[in-house]
Amino acid sequence: MDFFQSQDAARKKTKFLVVYFVMAVIGIILSIYSLLFPVLKYGEQKGRSSGRSLDYQPTASQQLRRTGFFQLDWFLMIAAGVSGVILIGSGYKTLMLSSGGDAVASSIGGRRVDPNSGDADERKLMNVIEEMAIASGVPVPEVYVMDQEPGINAFAAGKTFSDAAIGVSRGAMKLLNRDELQGVIAHEFSHILNGDMKLNLRLIGVLHGILVLTIIGRIILRSAAYSGRSSRDDRGAGMIFMVLGLGLFVIGYIGVFFGHLIKSAVSRQREFLADASAVQFTRSPDGIGGALKKIGGLSYGSKLLNAHAEEVSHMTFGNALPSGFVAALATHPPLPDRIKAIDPSWDGKFIKPEMAKVSSSMSAMEPSASAAARQDSILQIPGMEGHGPIVGAITAAAAIGSVGRVSPEDVRNAQHIRGNLPPEWLNAAHNVSGAQALIFSMLLSQDDTIRASELEILQQTTDELTYQMVSGSKDGLAALSSSQKIALIDLSIPALKRLQADEYDRFLSIMRQLIESDGQIDLFEFMLEKIVHRHLDLFFVRRPEPKLRYKSMQQLEDEASVLISTLALFGSSDPARAHQAFRAGAREIELAIGGELPMADRRACGLQQIGLALDKFDQAAPLVKKQLLIACGKAIMADDKIVSEEAELIRAIADTIGCPIPPFVYEELVITGR
């Protein structure tokens, strides 16, 4: 199953979750009606005998209907009340989790890791996560450590790539070596890329709504017990309320029981798939396999001690609940089954974990020696000269097939890209001023006159530290390849999220002034602006999450024509070659629409038109996005190569419509530069 099929499957599972939720609510309403019917009947009869009534005086026909079990007015009253309580409970929890992965991580005792931490274990963790993010083509998630958790576990949480967070237990960080930790992180990135996170958050909200009934039942039980002790006359009422409270408590847990069945049904198979993906990403069964074997050999296993462990149990790497939990409700397959799926020759023996030696992984935590040697002379980085280099010679199918999927080559490339970035730039990407400075520096003009006016803008609008960092970066960032620049952008996203709302507005304003300072927008500026808005606007709630509006390519024919025509015209100044490139991409769209796709006029093609078209494709079904990206890839690669500017454009297109794409760089083919 590829990225697009996984996203489509996740969307369909969300629909099934709604169906299950409605069925659970109906079942709970019927159960509570059955519980309350005798109480209401008793109250009505007592009211009549005393000359009072809980209800209006019924007519003869209404009196006849009241002799049966089902009373419509009572049922509607109970249904409205129960539905309201559940929906309010679910809505409250969903609102609490609206900030995405950060809210989940904080709720179970996570501590945000400082990317520039001097702790060797935390640096190892950050390096592994940053490398995996670059390899995946997504912004670096926020990283949390659960300091009070001695077991080996981890989770990924969030609504989108833009607000994702990865949490790791102290046991996992301390007891796993680098390969094992990489296997666990690869497993979590599989959940991020396959669209599992959003479904997981919705499950938490749904189950909390049902759990509210048990909370109400517990409150009624306590009140009834107090009422029964306080007055002899109230004992009868106290008994009634005690039965009512106990009933609500039990019914609530019945709902939770079936909710857990839903969680286990949704979660178990995804864990097998994520394990397999981790092996595929790293080509190292011993990595994730070793982590699972250490869970089996650790007294704490993967259990989480936090009081909210049950809420997040379906999104963790290992089973977060006690091993004695009912097997039918377990959110994870049995540990031996997972290990045998990865390592069929496993002898059945677990590994007793020992504290990993820091020295054994120091080389993997530090920047490469070649990068460290260059930190004092950025302009002398070899291979950074030139403009418009070829960054790869791969087919359209291979390029688009890499969307949302990570190969061992992608991981090695990510390590290469990150390891060859000067340490001071890596450090800058990890703090608020430095991240802004990196973005602004990438936008500085190479024309001295324009550059002087841009620096004047920065001096007047930014803090002194940011200005000094930007003014001291002359020519350094301009020499980087597209893949290196994109990596720095992805590394900077977490720091930019720590801006205040007004600071973010100022950041966007300055970025826009720098882009427009020379009177035109080039491809890199277009790409950078799209990436920033995509991931930060959602985080700062500057725009709503895109909703599905377009389910077929027929609804977006004109937009597809504009995109493919622009790519074809950009790739060649020769009209014949441009038409040939357009036809290469258009054939993919024509298969989807069942007709001919005309090439758009040059005047209708440009970055502004691309932006408008992409905004619509952002609201398209996953398989429609796949068709578009394959068509764009074929148009760009009609000449069997991708130049740096084309790599920027395809990345901007993919990222804008929510499709992460790895860097178009392969070690044996890489020719860096812009």
# chains A, B, ... in the order shown; residues from 1 in each chain; ligands from 1

$ residues_around --residues "segment 135-137 of chain A" --least-positions-apart "4" --cutoff "10 Å" --atoms "only C-alpha atoms" --output "PDB file with N, CA and C atoms, in the first residue's frame"
ATOM      1  N   ILE A 129      15.792  11.572  14.881  1.00  0.00           N
ATOM      2  CA  ILE A 129      14.502  12.103  14.436  1.00  0.00           C
ATOM      3  C   ILE A 129      14.696  13.115  13.305  1.00  0.00           C
ATOM      4  N   GLU A 130      15.700  13.973  13.412  1.00  0.00           N
ATOM      5  CA  GLU A 130      15.937  14.957  12.350  1.00  0.00           C
ATOM      6  C   GLU A 130      16.325  14.269  11.042  1.00  0.00           C
ATOM      7  N   GLU A 131      17.152  13.244  11.124  1.00  0.00           N
ATOM      8  CA  GLU A 131      17.528  12.513   9.909  1.00  0.00           C
ATOM      9  C   GLU A 131      16.308  11.858   9.262  1.00  0.00           C
ATOM     10  N   ALA A 186      11.584   5.033  13.166  1.00  0.00           N
ATOM     11  CA  ALA A 186      11.071   4.719  11.824  1.00  0.00           C
ATOM     12  C   ALA A 186       9.651   4.174  11.913  1.00  0.00           C
ATOM     13  N   PHE A 189       7.441   7.141  12.435  1.00  0.00           N
ATOM     14  CA  PHE A 189       7.289   7.932  11.210  1.00  0.00           C
ATOM     15  C   PHE A 189       6.352   7.242  10.226  1.00  0.00           C
ATOM     16  N   SER A 190       6.298   5.930  10.261  1.00  0.00           N
ATOM     17  CA  SER A 190       5.337   5.228   9.424  1.00  0.00           C
ATOM     18  C   SER A 190       3.915   5.635   9.790  1.00  0.00           C
ATOM     19  N   ILE A 192       3.077   8.486  11.122  1.00  0.00           N
ATOM     20  CA  ILE A 192       2.928   9.877  10.677  1.00  0.00           C
ATOM     21  C   ILE A 192       2.595   9.927   9.194  1.00  0.00           C
ATOM     22  N   LEU A 193       3.330   9.156   8.399  1.00  0.00           N
ATOM     23  CA  LEU A 193       3.183   9.215   6.946  1.00  0.00           C
ATOM     24  C   LEU A 193       1.909   8.525   6.460  1.00  0.00           C
ATOM     25  N   PHE A 281      12.347   1.038   5.881  1.00  0.00           N
ATOM     26  CA  PHE A 281      13.013   2.334   5.950  1.00  0.00           C
ATOM     27  C   PHE A 281      14.507   2.187   6.232  1.00  0.00           C
ATOM     28  N   SER A 402       8.163   7.542  -4.258  1.00  0.00           N
ATOM     29  CA  SER A 402       8.868   7.825  -3.007  1.00  0.00           C
ATOM     30  C   SER A 402       8.069   8.729  -2.078  1.00  0.00           C
ATOM     31  N   VAL A 403       6.953   9.278  -2.552  1.00  0.00           N
ATOM     32  CA  VAL A 403       6.138  10.149  -1.718  1.00  0.00           C
ATOM     33  C   VAL A 403       5.594   9.350  -0.531  1.00  0.00           C
ATOM     34  N   GLY A 404       5.873   9.840   0.673  1.00  0.00           N
ATOM     35  CA  GLY A 404       5.363   9.190   1.865  1.00  0.00           C
ATOM     36  C   GLY A 404       6.029   7.875   2.192  1.00  0.00           C
ATOM     37  N   ARG A 405       7.094   7.536   1.475  1.00  0.00           N
ATOM     38  CA  ARG A 405       7.807   6.293   1.743  1.00  0.00           C
ATOM     39  C   ARG A 405       9.289   6.616   1.890  1.00  0.00           C
ATOM     40  N   VAL A 406       9.941   5.914   2.771  1.00  0.00           N
ATOM     41  CA  VAL A 406      11.350   6.176   3.048  1.00  0.00           C
ATOM     42  C   VAL A 406      12.150   4.916   2.746  1.00  0.00           C
ATOM     43  N   SER A 407      13.218   5.079   1.992  1.00  0.00           N
ATOM     44  CA  SER A 407      14.099   3.960   1.679  1.00  0.00           C
ATOM     45  C   SER A 407      15.393   4.105   2.468  1.00  0.00           C
ATOM     46  N   PRO A 408      16.162   3.023   2.595  1.00  0.00           N
ATOM     47  CA  PRO A 408      17.467   3.150   3.251  1.00  0.00           C
ATOM     48  C   PRO A 408      18.359   4.188   2.569  1.00  0.00           C
ATOM     49  N   GLU A 409      18.231   4.313   1.240  1.00  0.00           N
ATOM     50  CA  GLU A 409      19.010   5.326   0.519  1.00  0.00           C
ATOM     51  C   GLU A 409      18.593   6.725   0.960  1.00  0.00           C
ATOM     52  N   ASP A 410      17.274   6.916   1.169  1.00  0.00           N
ATOM     53  CA  ASP A 410      16.799   8.223   1.640  1.00  0.00           C
ATOM     54  C   ASP A 410      17.371   8.545   3.017  1.00  0.00           C
ATOM     55  N   VAL A 411      17.435   7.537   3.888  1.00  0.00           N
ATOM     56  CA  VAL A 411      17.977   7.759   5.232  1.00  0.00           C
ATOM     57  C   VAL A 411      19.459   8.107   5.149  1.00  0.00           C
ATOM     58  N   ARG A 412      20.203   7.382   4.301  1.00  0.00           N
ATOM     59  CA  ARG A 412      21.628   7.688   4.147  1.00  0.00           C
ATOM     60  C   ARG A 412      21.819   9.081   3.564  1.00  0.00           C
ATOM     61  N   ASN A 413      20.980   9.438   2.607  1.00  0.00           N
ATOM     62  CA  ASN A 413      21.078  10.782   2.027  1.00  0.00           C
ATOM     63  C   ASN A 413      20.790  11.849   3.072  1.00  0.00           C
ATOM     64  N   ALA A 414      19.792  11.580   3.918  1.00  0.00           N
ATOM     65  CA  ALA A 414      19.459  12.533   4.968  1.00  0.00           C
ATOM     66  C   ALA A 414      20.628  12.703   5.939  1.00  0.00           C
ATOM     67  N   GLN A 415      21.268  11.593   6.293  1.00  0.00           N
ATOM     68  CA  GLN A 415      22.442  11.672   7.165  1.00  0.00           C
ATOM     69  C   GLN A 415      23.561  12.464   6.489  1.00  0.00           C
ATOM     70  N   ILE A 417      23.168  14.795   4.084  1.00  0.00           N
ATOM     71  CA  ILE A 417      22.774  16.204   3.994  1.00  0.00           C
ATOM     72  C   ILE A 417      22.957  16.893   5.337  1.00  0.00           C
ATOM     73  N   SER A 483      18.345  20.692  -1.869  1.00  0.00           N
ATOM     74  CA  SER A 483      18.103  19.701  -0.822  1.00  0.00           C
ATOM     75  C   SER A 483      18.605  20.186   0.529  1.00  0.00           C
ATOM     76  N   ILE A 486      16.201  22.983   1.740  1.00  0.00           N
ATOM     77  CA  ILE A 486      14.936  22.405   2.199  1.00  0.00           C
ATOM     78  C   ILE A 486      15.125  21.735   3.553  1.00  0.00           C
ATOM     79  N   ALA A 487      16.263  21.065   3.730  1.00  0.00           N
ATOM     80  CA  ALA A 487      16.544  20.429   5.018  1.00  0.00           C
ATOM     81  C   ALA A 487      16.609  21.474   6.128  1.00  0.00           C
ATOM     82  N   ASP A 490      13.088  22.560   7.002  1.00  0.00           N
ATOM     83  CA  ASP A 490      12.402  21.551   7.818  1.00  0.00           C
ATOM     84  C   ASP A 490      12.945  21.513   9.244  1.00  0.00           C
ATOM     85  N   ARG A 651       8.916  19.878  -5.199  1.00  0.00           N
ATOM     86  CA  ARG A 651       8.773  19.817  -3.745  1.00  0.00           C
ATOM     87  C   ARG A 651       7.684  20.786  -3.281  1.00  0.00           C
ATOM     88  N   ALA A 654       4.269  19.230  -4.170  1.00  0.00           N
ATOM     89  CA  ALA A 654       3.934  18.100  -3.306  1.00  0.00           C
ATOM     90  C   ALA A 654       3.628  18.564  -1.884  1.00  0.00           C
ATOM     91  N   ASP A 655       4.458  19.452  -1.353  1.00  0.00           N
ATOM     92  CA  ASP A 655       4.290  19.892   0.019  1.00  0.00           C
ATOM     93  C   ASP A 655       3.006  20.695   0.191  1.00  0.00           C
ATOM     94  N   CYS A 659       1.701  16.222   0.527  1.00  0.00           N
ATOM     95  CA  CYS A 659       2.352  14.975   0.133  1.00  0.00           C
ATOM     96  C   CYS A 659       3.856  15.098   0.347  1.00  0.00           C
ATOM     97  N   PRO A 660       4.387  14.524   1.420  1.00  0.00           N
ATOM     98  CA  PRO A 660       5.828  14.661   1.702  1.00  0.00           C
ATOM     99  C   PRO A 660       6.663  13.899   0.688  1.00  0.00           C
ATOM    100  N   ILE A 661       7.722  14.518   0.215  1.00  0.00           N
ATOM    101  CA  ILE A 661       8.563  13.897  -0.799  1.00  0.00           C
ATOM    102  C   ILE A 661      10.030  13.997  -0.373  1.00  0.00           C
ATOM    103  N   PRO A 662      10.764  12.882  -0.411  1.00  0.00           N
ATOM    104  CA  PRO A 662      12.176  12.912   0.000  1.00  0.00           C
ATOM    105  C   PRO A 662      13.004  13.791  -0.932  1.00  0.00           C
ATOM    106  N   PRO A 663      14.192  14.196  -0.503  1.00  0.00           N
ATOM    107  CA  PRO A 663      15.057  15.008  -1.357  1.00  0.00           C
ATOM    108  C   PRO A 663      15.401  14.277  -2.655  1.00  0.00           C
TER     109      PRO A 663
END

$ residues_around --residues "segment 214-220 of chain A" --least-positions-apart "5" --cutoff "8 Å" --atoms "only C-alpha atoms" --output "number ranges by chain"
A: 241-242, 244-253

$ select_by_dssp --residues "segment 115-326 of chain A" --states "strand (DSSP E)" --output "PyMOL selection string"
chain A and resi 142-146+154-157+165-169

$ write_last_selection --atoms "N, CA and C atoms" --output "mmCIF file, in the first residue's frame"
data_model
loop_
_atom_site.group_PDB
_atom_site.id
_atom_site.type_symbol
_atom_site.label_atom_id
_atom_site.label_comp_id
_atom_site.auth_asym_id
_atom_site.auth_seq_id
_atom_site.Cartn_x
_atom_site.Cartn_y
_atom_site.Cartn_z
ATOM 1 N N GLU A 142 7.988 17.980 16.907
ATOM 2 C CA GLU A 142 8.430 18.301 18.258
ATOM 3 C C GLU A 142 8.818 16.996 18.949
ATOM 4 N N VAL A 143 9.838 17.044 19.785
ATOM 5 C CA VAL A 143 10.349 15.829 20.429
ATOM 6 C C VAL A 143 10.172 15.951 21.938
ATOM 7 N N TYR A 144 9.592 14.924 22.536
ATOM 8 C CA TYR A 144 9.350 14.903 23.970
ATOM 9 C C TYR A 144 9.947 13.633 24.581
ATOM 10 N N VAL A 145 10.409 13.768 25.812
ATOM 11 C CA VAL A 145 10.875 12.615 26.584
ATOM 12 C C VAL A 145 9.987 12.477 27.812
ATOM 13 N N MET A 146 9.517 11.255 28.065
ATOM 14 C CA MET A 146 8.716 10.971 29.253
ATOM 15 C C MET A 146 9.681 10.519 30.355
ATOM 16 N N ALA A 154 7.199 4.523 22.866
ATOM 17 C CA ALA A 154 7.227 5.771 22.096
ATOM 18 C C ALA A 154 5.864 5.954 21.446
ATOM 19 N N PHE A 155 5.605 7.127 20.930
ATOM 20 C CA PHE A 155 4.358 7.385 20.216
ATOM 21 C C PHE A 155 4.553 8.555 19.263
ATOM 22 N N ALA A 156 3.680 8.635 18.270
ATOM 23 C CA ALA A 156 3.588 9.797 17.380
ATOM 24 C C ALA A 156 2.159 10.307 17.464
ATOM 25 N N ALA A 157 1.995 11.607 17.631
ATOM 26 C CA ALA A 157 0.666 12.188 17.779
ATOM 27 C C ALA A 157 0.575 13.484 17.001
ATOM 28 N N ALA A 165 4.105 15.435 16.871
ATOM 29 C CA ALA A 165 5.072 15.330 17.963
ATOM 30 C C ALA A 165 5.415 13.863 18.158
ATOM 31 N N ILE A 166 6.653 13.602 18.523
ATOM 32 C CA ILE A 166 7.088 12.242 18.848
ATOM 33 C C ILE A 166 7.523 12.232 20.306
ATOM 34 N N GLY A 167 6.961 11.292 21.052
ATOM 35 C CA GLY A 167 7.331 11.134 22.451
ATOM 36 C C GLY A 167 8.078 9.823 22.647
ATOM 37 N N VAL A 168 9.103 9.854 23.453
ATOM 38 C CA VAL A 168 9.925 8.673 23.724
ATOM 39 C C VAL A 168 10.095 8.538 25.228
ATOM 40 N N SER A 169 9.941 7.333 25.750
ATOM 41 C CA SER A 169 10.127 7.111 27.176
ATOM 42 C C SER A 169 11.610 7.203 27.538
#

$ residues_around --residues "Lys634 of chain A" --least-positions-apart "2" --cutoff "8 Å" --atoms "only C-alpha atoms" --output "VMD selection string"
chain A and resid 395 to 396 581 584 to 585 630 to 632 636 to 638

$ write_last_selection --atoms "C-alpha atoms" --output "compact mmCIF listing (two decimals), in the first residue's frame"
# COMPACT_ATOMS: atom_id res chain seq x y z
CA THR A 395 11.93 8.07 -13.50
CA ALA A 396 8.65 9.77 -12.70
CA ALA A 581 6.84 17.63 -21.99
CA ALA A 584 4.09 13.39 -21.34
CA GLY A 585 2.29 14.69 -18.28
CA ILE A 630 2.63 11.51 -11.45
CA ALA A 631 1.62 13.83 -14.29
CA CYS A 632 3.82 16.66 -12.93
CA ILE A 636 9.37 17.63 -15.43
CA MET A 637 11.34 14.50 -16.27
CA ALA A 638 10.47 14.36 -19.94

$ closest_residue --among "A:Val25, A:Leu199, A:Leu305, A:Val184" --to "Phe258 of chain A" --atoms "only C-alpha atoms"
A:Val25

$ atom_distance --atom1 "atom CA of Arg603 of chain A" --atom2 "atom CA of Asp447 of chain A"
28.0 Å

$ select_by_dssp --residues "segment 83-117 of chain A" --states "helix (DSSP H, G or I)" --output "MDAnalysis selection string"
chainID A and resid 83:96 101:107

$ closest_residue --among "A:Val243, A:Leu523, A:Ser573, A:Ser492" --to "Pro139 of chain A" --atoms "only C-alpha atoms"
A:Ser492

$ residues_around --residues "His208 of chain A" --least-positions-apart "4" --cutoff "9 Å" --atoms "only C-alpha atoms" --output "PyMOL selection string"
chain A and resi 86+89-90+92-94+203-204+212+256+311

$ write_last_selection --atoms "C-alpha atoms" --output "compact mmCIF listing (two decimals), in the first residue's frame"
# COMPACT_ATOMS: atom_id res chain seq x y z
CA ILE A 86 -21.50 12.35 25.22
CA GLY A 89 -17.55 15.23 26.62
CA SER A 90 -16.12 14.28 23.23
CA TYR A 92 -14.33 19.03 25.21
CA LYS A 93 -11.59 16.42 24.85
CA THR A 94 -11.23 17.07 21.13
CA LEU A 203 -10.46 7.89 19.04
CA ILE A 204 -9.30 9.63 22.23
CA VAL A 212 -18.06 10.84 30.92
CA VAL A 256 -15.65 1.93 26.96
CA GLU A 311 -6.13 7.10 26.71

$ residues_around --residues "Leu536 of chain A" --least-positions-apart "3" --cutoff "10 Å" --atoms "only C-alpha atoms" --output "PyMOL selection string"
chain A and resi 162-163+493-494+496-497+504+531-533+539-543

$ residues_around --residues "Leu443 of chain A" --least-positions-apart "2" --cutoff "12 Å" --atoms "only C-alpha atoms" --output "ChimeraX atom specification"
/A:436-441,445-447,450-451,454-455,458,470,473-478,485,510-518,521-529

$ closest_residue --among "A:Leu207, A:Ile489, A:Ile262, A:Leu40" --to "Asp73 of chain A" --atoms "only C-alpha atoms"
A:Leu40

$ residues_around --residues "Pro115 of chain A" --least-positions-apart "2" --cutoff "12 Å" --atoms "only C-alpha atoms" --output "PDB file with N, CA and C atoms, in the first residue's frame"
ATOM      1  N   ARG A 112       9.547  18.612  26.639  1.00  0.00           N
ATOM      2  CA  ARG A 112      10.101  18.948  25.329  1.00  0.00           C
ATOM      3  C   ARG A 112      11.623  18.962  25.392  1.00  0.00           C
ATOM      4  N   VAL A 113      12.236  18.320  24.409  1.00  0.00           N
ATOM      5  CA  VAL A 113      13.694  18.217  24.367  1.00  0.00           C
ATOM      6  C   VAL A 113      14.269  19.443  23.676  1.00  0.00           C
ATOM      7  N   SER A 117      20.503  20.402  23.203  1.00  0.00           N
ATOM      8  CA  SER A 117      20.825  19.822  24.502  1.00  0.00           C
ATOM      9  C   SER A 117      22.248  19.266  24.519  1.00  0.00           C
ATOM     10  N   GLY A 118      22.898  19.401  25.667  1.00  0.00           N
ATOM     11  CA  GLY A 118      24.233  18.838  25.826  1.00  0.00           C
ATOM     12  C   GLY A 118      24.204  17.400  26.296  1.00  0.00           C
ATOM     13  N   ASP A 119      23.006  16.869  26.626  1.00  0.00           N
ATOM     14  CA  ASP A 119      22.887  15.481  27.053  1.00  0.00           C
ATOM     15  C   ASP A 119      23.085  14.558  25.851  1.00  0.00           C
ATOM     16  N   ALA A 120      24.011  13.591  25.982  1.00  0.00           N
ATOM     17  CA  ALA A 120      24.360  12.741  24.843  1.00  0.00           C
ATOM     18  C   ALA A 120      23.177  11.920  24.360  1.00  0.00           C
ATOM     19  N   ASP A 121      22.361  11.388  25.289  1.00  0.00           N
ATOM     20  CA  ASP A 121      21.204  10.579  24.888  1.00  0.00           C
ATOM     21  C   ASP A 121      20.175  11.430  24.152  1.00  0.00           C
ATOM     22  N   GLU A 122      19.948  12.642  24.620  1.00  0.00           N
ATOM     23  CA  GLU A 122      18.982  13.514  23.957  1.00  0.00           C
ATOM     24  C   GLU A 122      19.490  13.940  22.583  1.00  0.00           C
ATOM     25  N   ARG A 123      20.780  14.144  22.466  1.00  0.00           N
ATOM     26  CA  ARG A 123      21.349  14.498  21.157  1.00  0.00           C
ATOM     27  C   ARG A 123      21.218  13.331  20.190  1.00  0.00           C
ATOM     28  N   LYS A 124      21.453  12.138  20.679  1.00  0.00           N
ATOM     29  CA  LYS A 124      21.282  10.950  19.842  1.00  0.00           C
ATOM     30  C   LYS A 124      19.841  10.867  19.341  1.00  0.00           C
ATOM     31  N   LEU A 125      18.879  11.070  20.244  1.00  0.00           N
ATOM     32  CA  LEU A 125      17.467  11.026  19.878  1.00  0.00           C
ATOM     33  C   LEU A 125      17.132  12.099  18.856  1.00  0.00           C
ATOM     34  N   MET A 126      17.588  13.337  19.093  1.00  0.00           N
ATOM     35  CA  MET A 126      17.297  14.430  18.160  1.00  0.00           C
ATOM     36  C   MET A 126      17.889  14.158  16.783  1.00  0.00           C
ATOM     37  N   ASN A 127      19.115  13.668  16.745  1.00  0.00           N
ATOM     38  CA  ASN A 127      19.754  13.394  15.455  1.00  0.00           C
ATOM     39  C   ASN A 127      18.980  12.356  14.662  1.00  0.00           C
ATOM     40  N   VAL A 128      18.562  11.292  15.321  1.00  0.00           N
ATOM     41  CA  VAL A 128      17.817  10.233  14.633  1.00  0.00           C
ATOM     42  C   VAL A 128      16.510  10.773  14.077  1.00  0.00           C
ATOM     43  N   ILE A 129      15.792  11.572  14.881  1.00  0.00           N
ATOM     44  CA  ILE A 129      14.502  12.103  14.436  1.00  0.00           C
ATOM     45  C   ILE A 129      14.696  13.115  13.305  1.00  0.00           C
ATOM     46  N   GLU A 130      15.700  13.973  13.412  1.00  0.00           N
ATOM     47  CA  GLU A 130      15.937  14.957  12.350  1.00  0.00           C
ATOM     48  C   GLU A 130      16.325  14.269  11.042  1.00  0.00           C
ATOM     49  N   VAL A 140      10.502  18.686  10.930  1.00  0.00           N
ATOM     50  CA  VAL A 140      10.886  17.927  12.117  1.00  0.00           C
ATOM     51  C   VAL A 140       9.778  18.034  13.162  1.00  0.00           C
ATOM     52  N   PRO A 141       9.274  16.903  13.676  1.00  0.00           N
ATOM     53  CA  PRO A 141       8.250  16.971  14.732  1.00  0.00           C
ATOM     54  C   PRO A 141       8.848  17.509  16.030  1.00  0.00           C
ATOM     55  N   GLU A 142       7.988  17.980  16.907  1.00  0.00           N
ATOM     56  CA  GLU A 142       8.430  18.301  18.258  1.00  0.00           C
ATOM     57  C   GLU A 142       8.818  16.996  18.949  1.00  0.00           C
ATOM     58  N   VAL A 143       9.838  17.044  19.785  1.00  0.00           N
ATOM     59  CA  VAL A 143      10.349  15.829  20.429  1.00  0.00           C
ATOM     60  C   VAL A 143      10.172  15.951  21.938  1.00  0.00           C
ATOM     61  N   TYR A 144       9.592  14.924  22.536  1.00  0.00           N
ATOM     62  CA  TYR A 144       9.350  14.903  23.970  1.00  0.00           C
ATOM     63  C   TYR A 144       9.947  13.633  24.581  1.00  0.00           C
ATOM     64  N   LEU A 426      23.127  24.409  11.968  1.00  0.00           N
ATOM     65  CA  LEU A 426      22.273  23.457  12.677  1.00  0.00           C
ATOM     66  C   LEU A 426      21.827  24.052  14.009  1.00  0.00           C
ATOM     67  N   ASN A 427      22.763  24.652  14.731  1.00  0.00           N
ATOM     68  CA  ASN A 427      22.413  25.273  16.005  1.00  0.00           C
ATOM     69  C   ASN A 427      21.435  26.427  15.812  1.00  0.00           C
ATOM     70  N   ALA A 428      21.634  27.200  14.761  1.00  0.00           N
ATOM     71  CA  ALA A 428      20.733  28.329  14.488  1.00  0.00           C
ATOM     72  C   ALA A 428      19.318  27.845  14.210  1.00  0.00           C
ATOM     73  N   ALA A 429      19.187  26.733  13.494  1.00  0.00           N
ATOM     74  CA  ALA A 429      17.858  26.201  13.157  1.00  0.00           C
ATOM     75  C   ALA A 429      17.073  25.789  14.391  1.00  0.00           C
ATOM     76  N   HIS A 430      17.772  25.612  15.516  1.00  0.00           N
ATOM     77  CA  HIS A 430      17.137  25.095  16.721  1.00  0.00           C
ATOM     78  C   HIS A 430      16.648  26.179  17.672  1.00  0.00           C
ATOM     79  N   ASN A 431      16.872  27.463  17.363  1.00  0.00           N
ATOM     80  CA  ASN A 431      16.354  28.515  18.240  1.00  0.00           C
ATOM     81  C   ASN A 431      15.583  29.547  17.421  1.00  0.00           C
ATOM     82  N   VAL A 432      14.752  30.315  18.095  1.00  0.00           N
ATOM     83  CA  VAL A 432      13.800  31.197  17.401  1.00  0.00           C
ATOM     84  C   VAL A 432      14.507  32.238  16.542  1.00  0.00           C
ATOM     85  N   LEU A 491      14.247  21.723   9.393  1.00  0.00           N
ATOM     86  CA  LEU A 491      14.842  21.741  10.725  1.00  0.00           C
ATOM     87  C   LEU A 491      14.413  22.979  11.515  1.00  0.00           C
ATOM     88  N   SER A 492      14.083  24.060  10.804  1.00  0.00           N
ATOM     89  CA  SER A 492      13.735  25.331  11.470  1.00  0.00           C
ATOM     90  C   SER A 492      12.273  25.410  11.893  1.00  0.00           C
ATOM     91  N   PRO A 494      10.204  23.614  13.851  1.00  0.00           N
ATOM     92  CA  PRO A 494       9.859  23.552  15.283  1.00  0.00           C
ATOM     93  C   PRO A 494      10.198  24.838  16.039  1.00  0.00           C
ATOM     94  N   ALA A 495      11.341  25.448  15.727  1.00  0.00           N
ATOM     95  CA  ALA A 495      11.709  26.692  16.409  1.00  0.00           C
ATOM     96  C   ALA A 495      10.752  27.816  16.039  1.00  0.00           C
TER      97      ALA A 495
END

$ atom_distance --atom1 "atom CA of Arg270 of chain A" --atom2 "atom CA of Glu149 of chain A"
24.0 Å

$ closest_residue --among "A:Met23, A:Ala621, A:Leu181, A:Ala560" --to "Ala278 of chain A" --atoms "only C-alpha atoms"
A:Leu181
